[in-house]
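One file, coords-v1.txt, is given below (compact mmCIF, C-alpha atoms).
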# COMPACT_ATOMS: atom_id res chain seq x y z
CA MET O 1 1.85 -9.41 12.45
CA LYS O 2 0.64 -9.56 16.03
CA ASN O 3 -2.84 -10.73 17.02
CA ASN O 4 -3.83 -7.25 18.18
CA GLU O 5 -2.91 -5.76 14.78
CA ILE O 6 -5.58 -7.86 13.06
CA TRP O 7 -8.40 -6.81 15.37
CA ASN O 8 -7.36 -3.22 16.18
CA PRO O 9 -4.96 -1.99 13.50
CA ALA O 10 -3.25 1.31 14.04
CA GLY O 11 -4.05 3.81 11.34
CA SER O 12 -6.83 3.95 8.81
CA VAL O 13 -9.39 1.57 7.40
CA GLU O 14 -7.18 1.39 4.30
CA LEU O 15 -4.28 0.08 6.39
CA ALA O 16 -6.50 -2.48 8.11
CA HIS O 17 -7.81 -3.59 4.71
CA GLN O 18 -4.28 -3.97 3.29
CA GLN O 19 -3.11 -5.96 6.33
CA ALA O 20 -6.03 -8.39 6.09
CA LEU O 21 -5.56 -8.74 2.32
CA THR O 22 -1.85 -9.47 2.80
CA CYS O 23 -2.61 -12.15 5.40
CA VAL O 24 -5.14 -13.86 3.12
CA SER O 25 -2.79 -13.73 0.12
CA ASP O 26 0.11 -15.13 2.11
CA ALA O 27 -2.07 -17.83 3.64
CA TYR O 28 -3.30 -18.99 0.23
CA LEU O 29 0.20 -18.98 -1.22
CA PHE O 30 1.47 -21.05 1.74
CA HIS O 31 -1.44 -23.44 1.19
CA LEU O 32 -0.58 -23.86 -2.50
CA VAL O 33 3.11 -24.36 -1.76
CA SER O 34 2.27 -27.00 0.85
CA LEU O 35 0.22 -28.87 -1.78
CA HIS O 36 2.34 -28.49 -4.93
CA ARG O 37 5.76 -27.30 -3.69
CA ARG O 38 5.28 -24.10 -5.68
CA PRO O 39 2.66 -21.34 -5.78
CA VAL O 40 0.41 -22.65 -8.55
CA TYR O 41 -3.28 -23.37 -8.74
CA ARG O 42 -3.75 -26.63 -10.64
CA HIS O 43 -6.64 -26.24 -13.07
CA LYS O 44 -7.85 -28.97 -15.41
CA TYR O 45 -6.71 -26.87 -18.40
CA GLY O 46 -3.29 -26.00 -16.95
CA ASP O 47 -1.50 -24.40 -14.02
CA ILE O 48 -2.15 -20.83 -12.91
CA SER O 49 1.07 -19.41 -11.51
CA LEU O 50 0.56 -16.93 -8.65
CA ASN O 51 2.50 -14.42 -6.61
CA GLN O 52 1.39 -12.10 -3.83
CA PRO O 53 0.83 -8.91 -5.91
CA ALA O 54 -1.18 -10.81 -8.52
CA LEU O 55 -3.22 -12.58 -5.88
CA ARG O 56 -3.91 -9.38 -3.94
CA GLY O 57 -5.00 -7.53 -7.06
CA PHE O 58 -7.13 -10.39 -8.33
CA ILE O 59 -9.23 -11.02 -5.23
CA ASP O 60 -9.52 -7.39 -4.16
CA SER O 61 -10.54 -6.11 -7.59
CA TYR O 62 -13.02 -8.96 -7.94
CA LEU O 63 -14.82 -7.96 -4.73
CA ALA O 64 -14.51 -4.23 -5.48
CA ASP O 65 -16.09 -4.78 -8.91
CA LYS O 66 -18.99 -6.52 -7.15
CA GLY O 67 -19.56 -3.26 -5.26
CA TRP O 68 -18.20 -4.32 -1.87
CA SER O 69 -16.94 -1.51 0.35
CA MET O 70 -13.43 -1.58 1.74
CA GLU O 71 -14.73 -2.39 5.23
CA ARG O 72 -16.83 -5.28 3.93
CA ARG O 73 -13.87 -6.69 2.00
CA ARG O 74 -11.69 -6.42 5.11
CA ALA O 75 -14.29 -8.28 7.17
CA HIS O 76 -14.51 -10.97 4.47
CA TYR O 77 -10.74 -11.44 4.50
CA ILE O 78 -10.66 -11.74 8.28
CA ARG O 79 -13.46 -14.33 8.20
CA MET O 80 -11.41 -16.38 5.72
CA LEU O 81 -8.47 -16.63 8.10
CA ASP O 82 -8.18 -19.37 10.71
CA LEU O 83 -7.59 -16.95 13.58
CA ILE O 84 -8.22 -19.49 16.33
CA LYS O 85 -5.27 -21.58 15.18
CA TYR O 86 -3.20 -18.43 14.68
CA MET O 87 -3.87 -17.00 18.14
CA HIS O 88 -3.22 -20.26 20.00
CA ARG O 89 0.07 -20.94 18.34
CA SER O 90 3.12 -22.03 20.24
CA ASN O 91 5.88 -22.66 17.76
CA ALA O 92 8.77 -22.63 20.17
CA ASP O 93 9.74 -21.56 23.64
CA PHE O 94 13.26 -20.52 22.71
CA VAL O 95 13.03 -18.63 19.39
CA ASP O 96 9.81 -17.76 17.56
CA TRP O 97 10.23 -16.05 14.19
CA GLY O 98 6.53 -15.95 13.58
CA THR O 99 3.71 -18.11 12.39
CA VAL O 100 2.39 -18.17 8.87
CA PRO O 101 -1.28 -17.23 8.51
CA ALA O 102 -3.70 -20.01 7.59
CA LEU O 103 -7.04 -20.02 5.83
CA ASN O 104 -10.03 -21.86 7.23
CA PRO O 105 -11.59 -24.54 4.98
CA ARG O 106 -14.26 -22.15 3.74
CA GLY O 107 -11.60 -19.60 2.78
CA ILE O 108 -9.68 -22.22 0.83
CA ARG O 109 -12.85 -23.28 -1.01
CA TRP O 110 -13.66 -19.65 -1.86
CA MET O 111 -10.17 -18.98 -3.24
CA ASN O 112 -10.18 -22.24 -5.20
CA ALA O 113 -13.59 -21.37 -6.67
CA CYS O 114 -12.30 -17.96 -7.81
CA PHE O 115 -9.36 -19.49 -9.66
CA SER O 116 -11.44 -22.34 -11.05
CA ARG O 117 -13.84 -19.78 -12.54
CA MET O 118 -10.92 -17.77 -13.90
CA GLY O 119 -9.53 -20.89 -15.59
CA GLU O 120 -12.93 -21.60 -17.14
CA MET O 121 -13.17 -18.03 -18.45
CA VAL O 122 -9.66 -18.15 -19.92
CA ASN O 123 -10.45 -21.48 -21.58
CA SER O 124 -13.67 -20.07 -23.06
CA PHE O 125 -11.56 -17.35 -24.74
CA GLY O 126 -9.34 -20.03 -26.25
CA GLY O 127 -6.38 -19.71 -23.88
CA TRP O 128 -4.27 -17.04 -22.28
CA ASN O 129 -2.75 -15.85 -25.56
CA ASN O 130 -6.22 -14.96 -26.89
CA VAL O 131 -7.10 -13.21 -23.63
CA VAL O 132 -3.96 -11.06 -23.87
CA ALA O 133 -4.55 -10.36 -27.58
CA ASN O 134 -8.15 -9.28 -26.94
CA ALA O 135 -7.49 -7.39 -23.71
CA ASP O 136 -7.93 -4.00 -25.37
CA SER O 137 -11.23 -4.90 -27.04
CA GLU O 138 -14.51 -4.05 -25.35
CA VAL O 139 -16.14 -6.82 -23.32
CA LYS O 140 -19.72 -7.47 -24.40
Whole structure, structure tokens version:
Amino acid sequence: MKNNEIWNPAGSVELAHQQALTCVSDAYLFHLVSLHRRPVYRHKYGDISLNQPALRGFIDSYLADKGWSMERRRAHYIRMLDLIKYMHRSNADFVDWGTVPALNPRGIRWMNACFSRMGEMVNSFGGWNNVVANADSEVK
């Protein structure tokens, strides 16, 4: 993704939203892999294994359920990215196959807080097996 595509994406607001969400998801996965050598969030009750589709759906549905518009979510995702580091990159002079997106410290804290809260909620249900078993029941 080029720098101009983040600020002035071609197409619709939906496309701009999806591009920003993809960058944030990739950046968080790269962060987790750099810490643990695999894409897992380490919670005190156990690991939460992540992939890009799960991560995209989790954070986007969380903000959508809070009533955030697509444009507001897109702006939030862009604020989470460390765009200064991304724009001033110089990987190589000979061959450059791209730079991975990076989250700023506030973005990392926000993502970690989301998964910490999710782990607490799963633990309060008695574990993932109970969450899956009670997924069809009405939440009170």
With all atoms listed in the file as the counted atoms, please give the residues lying no more than 8 Å from Leu81 (chain O), apart from itself and same-chain residues fewer than 5 positions off, as a PDB file with C-alpha atoms, in the frame of the given file.
ATOM      1  CA  CYS O  23      -2.610 -12.150   5.400  1.00  0.00           C
ATOM      2  CA  VAL O  24      -5.140 -13.860   3.120  1.00  0.00           C
ATOM      3  CA  ALA O  27      -2.070 -17.830   3.640  1.00  0.00           C
ATOM      4  CA  PRO O 101      -1.280 -17.230   8.510  1.00  0.00           C
ATOM      5  CA  ALA O 102      -3.700 -20.010   7.590  1.00  0.00           C
ATOM      6  CA  LEU O 103      -7.040 -20.020   5.830  1.00  0.00           C
ATOM      7  CA  ASN O 104     -10.030 -21.860   7.230  1.00  0.00           C
ATOM      8  CA  GLY O 107     -11.600 -19.600   2.780  1.00  0.00           C
TER       9      GLY O 107
END
So, counting all atoms listed in the file, which residue among O:Leu29, O:Met70, O:Asp60, O:His43 is closest to Glu14 (chain O)?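 Smallest distance to Glu14 (chain O) is found for O:Met70.
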Work out how far CA of Leu50 (chain O) is from CA of Ile78 (chain O), in Å to one decimal. 21.0 Å
Identify, on the basis of all atoms listed in the file, every residue whose closest approach to region 114-117 of chain O does not exceed 9 Å; exclude the query and any residue fewer than 5 positions from it along the same chain; express the result as a PyMOL selection string. chain O and resi 41-44+48+59+109+122
Would you list the residues near (-4.8, -13.9, -1.2) (no more than 9 Å away, in the coordinates of the file, using all atoms listed in the file) as a list in words?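 All residues meeting the 9 Å criterion around (-4.8, -13.9, -1.2) are Leu21, Thr22, Cys23, Val24, Ser25, Asp26, Ala27, Tyr28, Leu29, Gln52, Pro53, Ala54, Leu55, Arg56, Gly57, Phe58, Ile59, Asp60, Tyr77 and Met111 of chain O.
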Of the residues O:Leu35, O:Ala16, O:Val40, O:Val100, which is the one nearest to Ala75 (chain O), using all atoms listed in the file?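 For Ala75 (chain O), the nearest of the candidates is O:Ala16.
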Interatomic distance (Å, one decimal) between CA of Leu63 (chain O) and CA of Ser124 (chain O):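 CA of Ser124 (chain O) lies 22.0 Å from CA of Leu63 (chain O).
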Nearest to His17 (chain O) by atom-to-atom distance, counting all atoms listed in the file, from O:Asn130, O:Lys66, O:Asn51, O:Arg73: O:Arg73
So the first atom is CA of Gly126 (chain O) and the second is CA of Pro39 (chain O); what is the distance between them in Å, to one decimal place? 23.8 Å
Could you give me the axis-aligned bounding box of region 112-115 of chain O, with 3 Å of padding per side, as centre plus edge lengths in Å to one decimal, as JSON?
{"center_x": -11.5, "center_y": -20.1, "center_z": -7.4, "size_x": 10.2, "size_y": 10.3, "size_z": 10.5}
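Proximity ranking of O:Ser69, O:Ser12, O:Asn123, O:Gln18 relative to Tyr45 (chain O) places O:Asn123 first, based on all atoms listed in the file.
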Selected residue, from O:Ala64, O:Val132, O:Met118, O:Ala20, that lies nearest to Asp47 (chain O) when counting all atoms listed in the file: O:Met118
Selected residue, from O:Ser34, O:Gln19, O:Asn134, O:Ser49, that lies nearest to Gly119 (chain O) when counting all atoms listed in the file: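 Ranked by minimum distance to Gly119 (chain O), first place goes to O:Ser49.
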